[in-house]
Amino acid sequence: VPEENLLGQENEGFKLIMANFQWERLLMALGSVSAMQAVFDKTVEFVAERTAFGRPIGKFQVLRHRLADHATTIHAGRTVTYDALARFAAGEDVTKEVTMAKLITQRNAFDLIDDCLQMHGGAGYMVEYDLERAARDSRLGPIGGGTDEIMREILSKIIGL
Ligand SMILES: Cc1cc2nc3c(=O)[nH]c(=O)nc-3n(C[C@H](O)[C@H](O)[C@H](O)COP(=O)(O)OP(=O)(O)OC[C@H]3O[C@@H](n4cnc5c(N)ncnc54)[C@H](O)[C@@H]3O)c2cc1C
């Protein structure tokens with residue numbers, strides 16, 4: 001790279017990439033929280049409207065309980081992510097908090113969206129309902145910006161293992 005095209009100082013590039021990772025991972029966590037919430041809201045609406053065996057499917061305990069779990073997962077993900085965001089905005093070293101935020105939101109988003117797709121039955125598989133797109137998009141989360149396995153490696157080191 002010609003000297004005039006250097007971004008930052010020579011041999012300091014890795015530090016710049018690492019600093020950028022925190023913001024990238026935070027953005028991914030924030031995106032997943034909002035994706036989970038949007039798909040959850042859509043699903044709550046759907047199970048209240050869709051009837052089978054003479055009642056809205058949202059009255060079947062197995063579906064209600066899964067949605068209760070999903071509401072809890074979203075709240076936990078949002079709380080961890082907002083905490084990391086507030087610390088990041090305050091200029092703290094947030095490697096641990098951001099890593100946790102990414103880890104708790106990415107696989108959860110894919111699993112939650114996949115389950116919401118399942119609750120839509122065949123409609124969930126259709127392009128018109130947007131869920132299949134959300135499911136495909138969310139599959140990137142545990143890979144991009146550093147995989148879930150690497151997030152666990154970072155946390156293991158912070159823990160001192
Ligand atoms: C759609 C998409 C967009 C992307 N956009 C960008 C981008 O804009 N910029 C960019 O730089 N990169 C981008 N990436 C790359 C992404 O960051 C990498 O794919 C990701 O970090 C994983 O690296 P890898 O593919 O080389 O997998 P590998 O490192 O080969 O890993 C393969 C598997 O082995 C596991 N593994 C590897 N090492 C360990 C270990 N030490 N312990 C345990 N398990 C381990 C991984 O977790 C993974 O499951 C993108 C990827 C995708 C799919």
# chains A, B, ... in the order shown; residues from 1 in each chain; ligands from 1

call {"tool": "residues_around", "arguments": {"residues": "range 101-110 of chain A", "least_positions_apart": "4", "cutoff": "10 Å", "atoms": "only C-alpha atoms", "output": "PyMOL selection string"}}
result
chain A and resi 22+24-37+39+70+73-74+76-85+95-97+114-116+134-152+155

call {"tool": "residues_around", "arguments": {"residues": "Gly58 in chain A", "least_positions_apart": "3", "cutoff": "12 Å", "atoms": "only C-alpha atoms", "output": "list in words"}}
result
Thr43, Val44, Glu45, Phe46, Val47, Ala48, Glu49, Arg50, Thr51, Ala52, Phe53, Gly54, Arg55, Gln61, Val62, Leu63, Arg64, His65, Arg66, Leu67, Ala68, Cys116, Met119 and His120 of chain A

call {"tool": "atom_distance", "arguments": {"atom1": "CA of Leu16 in chain A", "atom2": "CA of Asp93 in chain A"}}
result
14.1 Å

call {"tool": "atom_distance", "arguments": {"atom1": "CA of Phe21 in chain A", "atom2": "CA of Asp111 in chain A"}}
result
23.9 Å

call {"tool": "select_by_dssp", "arguments": {"residues": "range 7-127 of chain A", "states": "strand (DSSP E)", "output": "list of chain:residue names"}}
result
A:Thr51, A:Ala52, A:Arg55, A:Pro56

call {"tool": "write_last_selection", "arguments": {"atoms": "C-alpha atoms", "output": "compact mmCIF listing (two decimals), in the first residue's frame"}}
result
# COMPACT_ATOMS: atom_id res chain seq x y z
CA THR A 51 -57.81 -20.75 14.09
CA ALA A 52 -57.47 -24.55 14.13
CA ARG A 55 -59.90 -21.93 18.55
CA PRO A 56 -57.11 -19.42 17.85

call {"tool": "atom_distance", "arguments": {"atom1": "CA of Ala71 in chain A", "atom2": "CA of Phe40 in chain A"}}
result
7.7 Å

call {"tool": "closest_residue", "arguments": {"among": "A:Glu153, A:Gly124, A:Ile158, A:Ala86", "to": "ligand 1", "atoms": "only C-alpha atoms and all ligand atoms"}}
result
A:Glu153

call {"tool": "closest_residue", "arguments": {"among": "A:Met18, A:Lys59, A:Glu128, A:Val94", "to": "ligand 1", "atoms": "only C-alpha atoms and all ligand atoms"}}
result
A:Met18

call {"tool": "decode", "arguments": {"residues": "range 74-88 of chain A", "atoms": "all heavy atoms", "output": "compact mmCIF listing (two decimals), in the first residue's frame"}}
result
# COMPACT_ATOMS: atom_id res chain seq x y z
N ILE A 74 -36.03 -12.24 24.33
CA ILE A 74 -35.86 -10.90 23.73
C ILE A 74 -35.49 -9.90 24.82
O ILE A 74 -34.59 -9.07 24.66
CB ILE A 74 -37.14 -10.46 23.00
CG1 ILE A 74 -37.42 -11.38 21.80
CG2 ILE A 74 -37.02 -9.01 22.53
CD1 ILE A 74 -38.80 -11.18 21.18
N HIS A 75 -36.18 -9.99 25.95
CA HIS A 75 -35.91 -9.04 27.04
C HIS A 75 -34.47 -9.19 27.54
O HIS A 75 -33.77 -8.19 27.77
CB HIS A 75 -36.91 -9.24 28.18
CG HIS A 75 -36.77 -8.22 29.26
ND1 HIS A 75 -37.03 -6.88 29.07
CD2 HIS A 75 -36.37 -8.33 30.55
CE1 HIS A 75 -36.79 -6.22 30.18
NE2 HIS A 75 -36.38 -7.08 31.10
N ALA A 76 -34.03 -10.44 27.69
CA ALA A 76 -32.66 -10.68 28.16
C ALA A 76 -31.65 -10.13 27.14
O ALA A 76 -30.69 -9.45 27.51
CB ALA A 76 -32.44 -12.18 28.38
N GLY A 77 -31.89 -10.41 25.87
CA GLY A 77 -30.98 -9.94 24.81
C GLY A 77 -30.94 -8.42 24.76
O GLY A 77 -29.87 -7.82 24.63
N ARG A 78 -32.11 -7.81 24.89
CA ARG A 78 -32.18 -6.35 24.82
C ARG A 78 -31.44 -5.72 26.01
O ARG A 78 -30.69 -4.75 25.85
CB ARG A 78 -33.63 -5.88 24.80
CG ARG A 78 -33.75 -4.35 24.81
CD ARG A 78 -35.17 -3.88 24.78
NE ARG A 78 -35.77 -4.04 23.47
CZ ARG A 78 -36.82 -4.80 23.20
NH1 ARG A 78 -37.39 -5.50 24.16
NH2 ARG A 78 -37.29 -4.89 21.98
N THR A 79 -31.63 -6.28 27.19
CA THR A 79 -31.03 -5.73 28.39
C THR A 79 -29.50 -5.78 28.33
O THR A 79 -28.81 -4.80 28.61
CB THR A 79 -31.55 -6.49 29.63
OG1 THR A 79 -32.98 -6.39 29.64
CG2 THR A 79 -31.02 -5.91 30.92
N VAL A 80 -28.98 -6.94 27.92
CA VAL A 80 -27.52 -7.10 27.80
C VAL A 80 -26.97 -6.15 26.72
O VAL A 80 -25.93 -5.52 26.89
CB VAL A 80 -27.16 -8.57 27.50
CG1 VAL A 80 -25.68 -8.73 27.18
CG2 VAL A 80 -27.53 -9.46 28.68
N THR A 81 -27.69 -6.06 25.61
CA THR A 81 -27.23 -5.23 24.48
C THR A 81 -27.27 -3.75 24.82
O THR A 81 -26.33 -3.00 24.54
CB THR A 81 -28.08 -5.52 23.22
OG1 THR A 81 -27.96 -6.92 22.92
CG2 THR A 81 -27.61 -4.71 22.03
N TYR A 82 -28.35 -3.30 25.45
CA TYR A 82 -28.45 -1.87 25.80
C TYR A 82 -27.40 -1.50 26.84
O TYR A 82 -26.86 -0.39 26.83
CB TYR A 82 -29.85 -1.54 26.33
CG TYR A 82 -30.92 -1.40 25.26
CD1 TYR A 82 -30.68 -1.77 23.93
CD2 TYR A 82 -32.17 -0.89 25.55
CE1 TYR A 82 -31.65 -1.64 22.95
CE2 TYR A 82 -33.16 -0.75 24.58
CZ TYR A 82 -32.90 -1.13 23.28
OH TYR A 82 -33.87 -1.00 22.32
N ASP A 83 -27.11 -2.45 27.74
CA ASP A 83 -26.07 -2.18 28.74
C ASP A 83 -24.72 -2.00 28.04
O ASP A 83 -23.97 -1.06 28.35
CB ASP A 83 -26.00 -3.35 29.74
CG ASP A 83 -24.82 -3.21 30.69
OD1 ASP A 83 -24.82 -2.25 31.48
OD2 ASP A 83 -23.90 -4.04 30.63
N ALA A 84 -24.43 -2.89 27.06
CA ALA A 84 -23.16 -2.78 26.32
C ALA A 84 -23.12 -1.47 25.54
O ALA A 84 -22.08 -0.79 25.49
CB ALA A 84 -23.01 -3.97 25.37
N LEU A 85 -24.25 -1.09 24.96
CA LEU A 85 -24.32 0.16 24.18
C LEU A 85 -24.06 1.38 25.07
O LEU A 85 -23.30 2.29 24.70
CB LEU A 85 -25.68 0.27 23.50
CG LEU A 85 -25.93 1.55 22.68
CD1 LEU A 85 -24.96 1.65 21.51
CD2 LEU A 85 -27.37 1.57 22.17
N ALA A 86 -24.68 1.39 26.24
CA ALA A 86 -24.50 2.53 27.15
C ALA A 86 -23.03 2.64 27.58
O ALA A 86 -22.48 3.74 27.62
CB ALA A 86 -25.41 2.35 28.37
N ARG A 87 -22.41 1.49 27.86
CA ARG A 87 -20.99 1.52 28.26
C ARG A 87 -20.11 1.96 27.09
O ARG A 87 -19.14 2.70 27.27
CB ARG A 87 -20.56 0.13 28.73
CG ARG A 87 -21.17 -0.28 30.05
CD ARG A 87 -20.87 -1.76 30.30
NE ARG A 87 -21.56 -2.28 31.46
CZ ARG A 87 -21.07 -2.24 32.70
NH1 ARG A 87 -19.89 -1.71 32.92
NH2 ARG A 87 -21.76 -2.72 33.70
N PHE A 88 -20.43 1.47 25.89
CA PHE A 88 -19.67 1.85 24.70
C PHE A 88 -19.76 3.36 24.49
O PHE A 88 -18.76 4.03 24.25
CB PHE A 88 -20.24 1.11 23.48
CG PHE A 88 -19.55 1.42 22.18
CD1 PHE A 88 -18.37 0.77 21.84
CD2 PHE A 88 -20.07 2.36 21.30
CE1 PHE A 88 -17.72 1.05 20.63
CE2 PHE A 88 -19.43 2.65 20.10
CZ PHE A 88 -18.25 1.98 19.76
